[in-house]
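To start, the structure itself, in structure tokens.
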Amino acid sequence: MKTDKIFYTPTIQPNDTIFTLNEEESSHAIKVLRMKTNDEVTLIDGIGGVYEGTIVNPHHKRCEIEIKQYTKEFEKREFYLHIAIAPTKMNERMEWFLEKCTEIGIDEITPILCHHSERKELKIERMNKIIISAMKQSKKAYLPRLNEMTQIKTLVENATEEELYIAHCHQGEKIKLAQASSKKSILIMIGPEGDFSHEEILLANQNGFKSCTLGKSRLRTETAGIVACHTTNLINDSFFLKETR
């Protein structure tokens, strides 16, 4: 991306030559950033499209952008990462997880309701705003999908990813996520502060989930989610693989 002035525009189309920012983004561009005619901007549609352009009408309610270059599938990754996580009791910790995983690289997030869950209701609209902000800040063109709260049984029985993992602290045979084989689609489940119940682990194992460990340390829920996200990116991301060879 050519500039740090990035705006999320999900309605933009590849054949657009002039695009008008919505009122919120227009106000941010003109009133907050003090942008003027001919200033360069980058627009992202959340599905891989990046649009480079310049301001032609710096109106604070309907700022118009002339599109000069379009790039599709910007930095598209070769794998798909889905993390299902039990929301933390403190909203701030869950929001921190969403922000950091978006910056690192994640495709889908599902909040799961478990036996030991501390929070059963979420502010999905606020969470989506945090994800959008993190996507723009980290210069990504793909918006992670945030699902509604889902019962763990429903998620486990309907998972379709190629590789399925459940991270927990219970005794028993577990593989190290850091040594897992790379796959095109991965789902990792992270439990609440009280961990998954024995019954939930058994249910997951019976449905093809492999028990895994994230290391020797006992991690908070949101930390475990970020470790799982970063580890999976290291294993699967061709950028990291090339750098280490």
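Identifiers in this document derive from the order of the structure tokens: chains are assigned A, B, ..., residues are numbered from 1 separately in each chain, and ligands are numbered from 1 in order of occurrence.
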
- Enumerate the residues of segment 103-161 of chain A with a DSSP assignment of helix (DSSP H, G or I), computed from the backbone, and present them as a count of residues only. 23

- Message: At a cut-off of 12 Å, using only C-alpha atoms, what residues contact His168 of chain A? Leave out same-chain residues fewer than 5 positions from it and give the result as a PyMOL selection string.
- Response: chain A and resi 85+173-177+188-198+200-202+204-205+209-221+224-225+228

Resulting file, chosen residues, C-alpha atoms, as a CSV table (one decimal), in the first residue's frame:
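Okay, this is what ended up in part38.csv:
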chain,number,residue,atom,x,y,z
A,85,ILE,CA,-12.2,-19.0,21.7
A,173,GLU,CA,-1.3,-37.4,25.1
A,174,LYS,CA,-1.0,-34.1,23.2
A,175,ILE,CA,1.0,-32.8,20.2
A,176,LYS,CA,2.9,-29.6,20.1
A,177,LEU,CA,1.2,-27.1,18.0
A,188,ILE,CA,-7.9,-24.2,16.8
A,189,MET,CA,-10.1,-24.1,19.9
A,190,ILE,CA,-9.1,-22.2,23.0
A,191,GLY,CA,-11.0,-22.7,26.2
A,192,PRO,CA,-12.0,-20.4,29.1
A,193,GLU,CA,-10.0,-19.6,32.2
A,194,GLY,CA,-11.2,-22.8,33.8
A,195,ASP,CA,-10.2,-24.8,30.7
A,196,PHE,CA,-12.4,-27.2,28.8
A,197,SER,CA,-14.2,-29.8,30.7
A,198,HIS,CA,-13.2,-33.5,30.3
A,200,GLU,CA,-15.8,-31.3,26.0
A,201,ILE,CA,-12.3,-32.6,25.3
A,202,LEU,CA,-13.7,-36.1,24.7
A,204,ALA,CA,-13.8,-32.8,20.4
A,205,ASN,CA,-11.5,-35.9,20.2
A,209,PHE,CA,-9.9,-32.7,17.0
A,210,LYS,CA,-6.3,-33.4,18.1
A,211,SER,CA,-5.4,-32.4,21.7
A,212,CYS,CA,-2.4,-30.0,21.6
A,213,THR,CA,-0.2,-27.9,23.8
A,214,LEU,CA,1.0,-24.4,23.3
A,215,GLY,CA,4.1,-24.8,25.5
A,216,LYS,CA,5.1,-25.3,29.1
A,217,SER,CA,3.6,-22.0,30.5
A,218,ARG,CA,0.0,-21.8,31.7
A,219,LEU,CA,-1.5,-19.1,29.6
A,220,ARG,CA,-4.5,-16.8,30.0
A,221,THR,CA,-7.2,-17.4,27.4
A,224,ALA,CA,-3.2,-18.6,24.4
A,225,GLY,CA,-5.3,-17.4,21.4
A,228,ALA,CA,-1.9,-20.1,18.7

- Using DSSP on the backbone coordinates, identify all residues within segment 181-224 of chain A classified as strand (DSSP E or B); present the result as a ChimeraX atom specification. /A:185-190,210-213

- Task: Can you work out which one of A:Gly105, A:Gly48, A:Pro10, A:Pro58 has the shortest atom-to-atom distance to Ile226 of chain A, counting only C-alpha atoms?
- Result: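 Checking each candidate against Ile226 of chain A, we get A:Gly105 as the closest.
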
- Item | Distance query segment 88-92 of chain A at most 10 Å, only C-alpha atoms, self and fewer than 4 positions along chain excluded, as a VMD selection string | chain A and resid 96 to 98 111 117 to 120 122 to 123 127 191 to 193 220 to 222

- Query: Can you tell me, as JSON, numbers by chain, what residues are no more than 7 Å from Asn147 of chain A when counting only C-alpha atoms, ignoring any on the same chain fewer than 2 positions away?
  - Reply: {"A": [109, 110, 111, 145, 149]}

Mind dumping the selected residues with C-alpha atoms as an mmCIF file, in the first residue's frame?
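The resulting file, out06.cif, is shown below:
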data_model
loop_
_atom_site.group_PDB
_atom_site.id
_atom_site.type_symbol
_atom_site.label_atom_id
_atom_site.label_comp_id
_atom_site.auth_asym_id
_atom_site.auth_seq_id
_atom_site.Cartn_x
_atom_site.Cartn_y
_atom_site.Cartn_z
ATOM 1 C CA ILE A 109 -13.016 -16.014 14.800
ATOM 2 C CA THR A 110 -15.798 -17.830 16.605
ATOM 3 C CA PRO A 111 -16.621 -17.044 20.244
ATOM 4 C CA ARG A 145 -14.936 -12.926 9.837
ATOM 5 C CA MET A 149 -21.476 -16.841 20.008
#
